[in-house]
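Student: To start, I am sharing the structure in question, which I have written as structure tokens.
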Amino acid sequence: MVAASARLLVAALSVAILGGMGGSIAAAAESADPPKVMVKDFMFMPMSLTVKAGSTVTWVNMDDEPHTVVSNTQMFRSGALDTKETFSFKFTEPGTYHFTCSIHPRMVGTIVVQ
Amino acid sequence: MSDDQSLLSRRKALKCMAFGGAGTLFALSGGVFTPIDLAMAASDKQSAAKLGKPLFVQISDTHIGFNKEANPDVAGSLTQTIDIVNGMYDQPALIIHTGDITHLSKPAEFDLAQQLFSRLRTTEMHTVPGEHDTSDAAVTEYFSRFGKASDNKGYYSFDHAGVHFIGLINVLQFKPGGLGTLGADQLDWVATDLKHRSSSTPIVVFAHMPLWTIYEPWGWGTGDSEQLMSQLRRFGSVTVLNGHIHQIVQKVEGNMTFHTARSTSYPQPVAGVGSGPGPLKVPADQLASMLGITSVSVVKHPSALTLNDTALA
């Protein structure tokens with residue numbers, strides 16, 4: 001279980017890192033694995049994720065504590081996600097989208113859509 | 001740090017923990033808490049008489065719907081809590097619930113909570129929502145059930161037994177990365193609400209998240225609470241009651257006494273211990289001692305409020 005989520009995290013991090021370096025490599029990474037944000041230990045991981053326009057991002061709550069995913073501009077808002085529940089949102093327009101957990105507002109994250 | 005210093009701080013810490021233990025009475029006189037040994041009032045008529053008439057009982061963080069290891073039976077713990085309140089020698093006039101009635105804001109959780117609350121012999125209950133009560137995508141479940149008192153705004157006031165009560169909401173306007181927020185509209189309303197009140201009126205303010213900063217990295221505080229406190233300082237007796245952190249923390253500042261209540265559902269770690277303020281797993285035989293209620297009594301005069309924390313075991 002720990003190994004699996006660590007692998008997911010590594011995959012997600014590579015998307016973020018590669019995304020900053022070049023669109024083509026990022027696209028290759030995305031097609032291998034749909035973009036995910038893990039919610040674990042009161043953090044969004046990765047904190048910043050870069051995806052192509054038209055991508056659907058999925059958040060997965062791995063904590064025993066519920067979390068929400070709420071856009072700072074009210075563009076999207078999940079209900080409370082219990083352990084292992086997910087929330088997905090499709091980003092159609094390029095831009096930078098900040099979000100937070102309304103239950104634990106110190107938890108913040110960003111989706112960059114290219 | 002020398003050994004002497006660490007011994008001193010450890011002793012101090014143990015002393016503080018003892019104050020938070022079951023059955024300690026806090027008498028509030030002129031804004032100063034005095035801890036007094038308590039022979040539990042529920043079963044003892046003489047002690048009950050000394051405590052005065054219970055004005056209200058504070059219940060907090062019932063988290064109906066939570067079912068994880070830290071407490072798989074939160075409905076059972078709430079039932080136990082209700083039995084303790086119903087068993088009090090003198091029934092309190094009011095119940096105040098300081099939020100997180102439910103865990104996930106689900107209709108079935110609210111329904112079960114209301115069904116359990118209906119067993120309370122004291123039927124007058126005043127609530128404020130916690131962030132767990134407003135986490136449904138549409139933020140309607142809490143207000144459709146408990147919004148009437150505040151006209152769906154979440155803040156309101158009322159008077160009882162010469163005490164002015166103010167219920168506030170600080171879980172809706174979070175600043176990302178920050179603390180809870182009251183907001184300009186609510187603060188303006190408080191100013192109007194207090195404007196013509198005599199400074200000798202005892203004030204009880206209740207809200208879910210602490211109205212003073214206990215631990216900022218975990219959001220245990222309210223960003224604009226100072227604008228509230230500046231309006232309350234002229235009053236001779238102010239009691240500020242909160243929940244949210246599932247443990248007792250207290251502070252006295254001038255005539256203002258701040259107190260957070262235990263949860264009836266599950267304990268949380270002390271500030272800064274672990275990755276975040278999630279459910280704390282403790283051995284089953286210790287759980288009940290970490291859950292509980294706060295009762296507040298009037299001793300002789302309404303300005304002398306007494307706070308009494310009772311654990312479930």
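In the structure tokens, each chain is lettered A, B, ... as it comes, each chain's residues begin at 1, and ligands are numbered from 1 in order of appearance.
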Check the DSSP output for the backbone and give back, as a PyMOL selection string, the residues of range 101-218 of chain B in helix (DSSP H, G or I).
Tutor: chain B and resi 107-117+141-146+148-150+184-194+216-218
Student: Would you mind exporting N, CA and C atoms of the selected residues as a compact mmCIF listing (two decimals), in the first residue's frame?
Tutor:
# COMPACT_ATOMS: atom_id res chain seq x y z
N PRO B 107 -26.78 14.27 4.87
CA PRO B 107 -28.13 14.33 5.44
C PRO B 107 -28.37 13.25 6.50
N ALA B 108 -27.93 12.01 6.23
CA ALA B 108 -28.18 10.92 7.17
C ALA B 108 -27.47 11.15 8.50
N GLU B 109 -26.30 11.82 8.44
CA GLU B 109 -25.57 12.12 9.68
C GLU B 109 -26.31 13.17 10.50
N PHE B 110 -26.80 14.22 9.83
CA PHE B 110 -27.59 15.24 10.53
C PHE B 110 -28.85 14.62 11.13
N ASP B 111 -29.49 13.73 10.36
CA ASP B 111 -30.74 13.11 10.84
C ASP B 111 -30.48 12.28 12.09
N LEU B 112 -29.39 11.50 12.08
CA LEU B 112 -29.07 10.68 13.25
C LEU B 112 -28.74 11.57 14.46
N ALA B 113 -27.98 12.64 14.21
CA ALA B 113 -27.62 13.55 15.31
C ALA B 113 -28.90 14.13 15.93
N GLN B 114 -29.82 14.59 15.09
CA GLN B 114 -31.05 15.19 15.62
C GLN B 114 -31.89 14.17 16.39
N GLN B 115 -31.87 12.95 15.88
CA GLN B 115 -32.60 11.87 16.56
C GLN B 115 -32.00 11.63 17.95
N LEU B 116 -30.66 11.63 18.04
CA LEU B 116 -30.00 11.42 19.33
C LEU B 116 -30.25 12.61 20.27
N PHE B 117 -30.15 13.84 19.73
CA PHE B 117 -30.37 15.04 20.55
C PHE B 117 -31.79 15.06 21.13
N GLU B 141 -26.90 21.70 3.95
CA GLU B 141 -27.45 20.72 4.89
C GLU B 141 -27.57 21.28 6.31
N TYR B 142 -26.53 21.98 6.79
CA TYR B 142 -26.60 22.54 8.15
C TYR B 142 -27.71 23.59 8.24
N PHE B 143 -27.69 24.53 7.26
CA PHE B 143 -28.61 25.66 7.36
C PHE B 143 -30.07 25.24 7.21
N SER B 144 -30.33 24.19 6.42
CA SER B 144 -31.72 23.77 6.27
C SER B 144 -32.28 23.21 7.58
N ARG B 145 -31.38 22.79 8.48
CA ARG B 145 -31.85 22.24 9.76
C ARG B 145 -31.68 23.20 10.93
N PHE B 146 -30.57 23.95 10.95
CA PHE B 146 -30.25 24.78 12.11
C PHE B 146 -30.14 26.27 11.76
N LYS B 148 -32.47 28.54 11.14
CA LYS B 148 -33.59 29.42 11.44
C LYS B 148 -33.22 30.52 12.45
N ALA B 149 -32.48 30.15 13.52
CA ALA B 149 -32.16 31.10 14.58
C ALA B 149 -31.38 32.30 14.04
N SER B 150 -30.60 32.07 13.00
CA SER B 150 -29.72 33.14 12.49
C SER B 150 -30.19 33.66 11.14
N ALA B 184 -16.23 41.05 7.75
CA ALA B 184 -16.66 42.42 8.08
C ALA B 184 -18.15 42.49 8.43
N ASP B 185 -18.99 41.77 7.69
CA ASP B 185 -20.43 41.85 7.94
C ASP B 185 -20.78 41.39 9.35
N GLN B 186 -20.17 40.25 9.74
CA GLN B 186 -20.46 39.70 11.06
C GLN B 186 -19.94 40.62 12.17
N LEU B 187 -18.73 41.16 11.96
CA LEU B 187 -18.13 42.05 12.97
C LEU B 187 -18.97 43.32 13.12
N ASP B 188 -19.50 43.83 12.01
CA ASP B 188 -20.38 45.01 12.08
C ASP B 188 -21.66 44.68 12.85
N TRP B 189 -22.17 43.48 12.61
CA TRP B 189 -23.38 43.05 13.31
C TRP B 189 -23.12 42.96 14.83
N VAL B 190 -21.95 42.44 15.21
CA VAL B 190 -21.62 42.34 16.65
C VAL B 190 -21.58 43.74 17.26
N ALA B 191 -20.97 44.69 16.53
CA ALA B 191 -20.87 46.07 17.05
C ALA B 191 -22.26 46.62 17.33
N THR B 192 -23.19 46.39 16.40
CA THR B 192 -24.57 46.87 16.58
C THR B 192 -25.24 46.13 17.73
N ASP B 193 -24.98 44.83 17.81
CA ASP B 193 -25.61 44.01 18.84
C ASP B 193 -25.17 44.43 20.25
N LEU B 194 -23.92 44.88 20.38
CA LEU B 194 -23.37 45.22 21.70
C LEU B 194 -23.55 46.69 22.06
N GLU B 216 -1.20 28.37 14.96
CA GLU B 216 -1.46 28.87 13.61
C GLU B 216 -1.18 27.84 12.51
N PRO B 217 -0.07 27.05 12.60
CA PRO B 217 0.19 26.11 11.50
C PRO B 217 -0.94 25.12 11.25
N TRP B 218 -1.75 24.84 12.27
CA TRP B 218 -2.89 23.94 12.08
C TRP B 218 -4.21 24.71 11.93
Student: Would you mind listing, as a list in words, all residues of chain A that have at least one atom within 9 Å of chain B, where only C-alpha atoms are what counts?
Tutor: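 Here is what falls inside 9 Å: Asp41, Phe42, Asp63, Asp64, Glu65, Pro66, His67, Thr68, Val70, Asn72, Arg77, Ser78, Gly79, Ala80, Leu81, Asp82, Phe99, Thr100, Cys101, Ser102, Ile103, His104, Pro105, Arg106, Met107 and Val108 of chain A.
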Student: Take the residues from that selection and put them in a file with C-alpha atoms, as a PDB file, in the first residue's frame.
Tutor:
ATOM      1  CA  ASP A  41      -0.821  13.688   5.790  1.00  0.00           C
ATOM      2  CA  PHE A  42      -2.751  16.977   5.464  1.00  0.00           C
ATOM      3  CA  ASP A  63      -6.084  10.289   5.099  1.00  0.00           C
ATOM      4  CA  ASP A  64      -8.336   9.043   7.912  1.00  0.00           C
ATOM      5  CA  GLU A  65      -9.591  12.617   8.068  1.00  0.00           C
ATOM      6  CA  PRO A  66     -12.009  14.009   5.436  1.00  0.00           C
ATOM      7  CA  HIS A  67     -10.766  16.706   3.063  1.00  0.00           C
ATOM      8  CA  THR A  68     -12.351  18.870   0.386  1.00  0.00           C
ATOM      9  CA  VAL A  70     -12.296  23.923  -3.285  1.00  0.00           C
ATOM     10  CA  ASN A  72     -10.250  29.794  -4.811  1.00  0.00           C
ATOM     11  CA  ARG A  77     -15.924  22.466  -5.111  1.00  0.00           C
ATOM     12  CA  SER A  78     -15.994  18.848  -3.960  1.00  0.00           C
ATOM     13  CA  GLY A  79     -18.080  17.712  -1.065  1.00  0.00           C
ATOM     14  CA  ALA A  80     -16.257  16.186   1.905  1.00  0.00           C
ATOM     15  CA  LEU A  81     -14.143  13.261   0.687  1.00  0.00           C
ATOM     16  CA  ASP A  82     -13.910  10.438   3.170  1.00  0.00           C
ATOM     17  CA  PHE A  99      -7.380  25.327  -4.575  1.00  0.00           C
ATOM     18  CA  THR A 100      -7.604  24.611  -0.871  1.00  0.00           C
ATOM     19  CA  CYS A 101      -9.241  22.211   1.596  1.00  0.00           C
ATOM     20  CA  SER A 102     -12.124  24.047   3.247  1.00  0.00           C
ATOM     21  CA  ILE A 103     -11.816  21.858   6.340  1.00  0.00           C
ATOM     22  CA  HIS A 104      -8.058  22.485   6.704  1.00  0.00           C
ATOM     23  CA  PRO A 105      -7.407  25.792   4.939  1.00  0.00           C
ATOM     24  CA  ARG A 106      -3.648  25.592   5.415  1.00  0.00           C
ATOM     25  CA  MET A 107      -3.717  22.821   2.763  1.00  0.00           C
ATOM     26  CA  VAL A 108      -3.202  24.532  -0.591  1.00  0.00           C
TER      27      VAL A 108
END
Student: What lies within 8 Å of Phe87 in chain A using only C-alpha atoms, ignoring chain neighbours under 2 positions off, as a PyMOL selection string?
Tutor: chain A and resi 58-60+69+78+81+85+89
Student: Residues at most 6 Å from Thr110 in chain A, counting only C-alpha atoms, excluding those fewer than 4 positions away in the same chain, as number ranges by chain?
Tutor: A: 48, 97-98
Student: If you keep C-alpha atoms, can you produce a file of those selected residues as a PDB file, in the first residue's frame?
Tutor:
ATOM      1  CA  SER A  48       1.620  21.993  -8.022  1.00  0.00           C
ATOM      2  CA  TYR A  97      -5.916  27.348 -10.716  1.00  0.00           C
ATOM      3  CA  HIS A  98      -5.415  27.512  -6.961  1.00  0.00           C
TER       4      HIS A  98
END
Student: May I have the residues within 7 Å of Ala75 in chain B as a list of chain:residue names, using only C-alpha atoms and disregarding those fewer than 3 positions away in the same chain?
Tutor: B:Ile64, B:Leu78, B:Thr79
Student: Rounded to one decimal place, report the CA of Glu253 in chain B-CA of Ser230 in chain B distance in Å.
Tutor: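 CA of Ser230 in chain B lies 12.0 Å from CA of Glu253 in chain B.
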Student: Between CA of Ala311 in chain B and CA of Arg119 in chain B, measure the distance and give it in Å to one decimal.
Tutor: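 Computing the Euclidean distance for CA of Ala311 in chain B and CA of Arg119 in chain B yields 19.6 Å.
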Student: Hey, what's within 12 Å of Pro267 in chain B if we count only C-alpha atoms and toss same-chain stuff fewer than 3 positions away? As a ChimeraX atom specification, please?
Tutor: /B:60-63,69-71,74,243-248,261-264,270,277-284,286-292,311
Student: Tell me, in Å to one decimal, how far CA of Leu55 in chain B is from CA of Ile166 in chain B.
Tutor: 14.9 Å
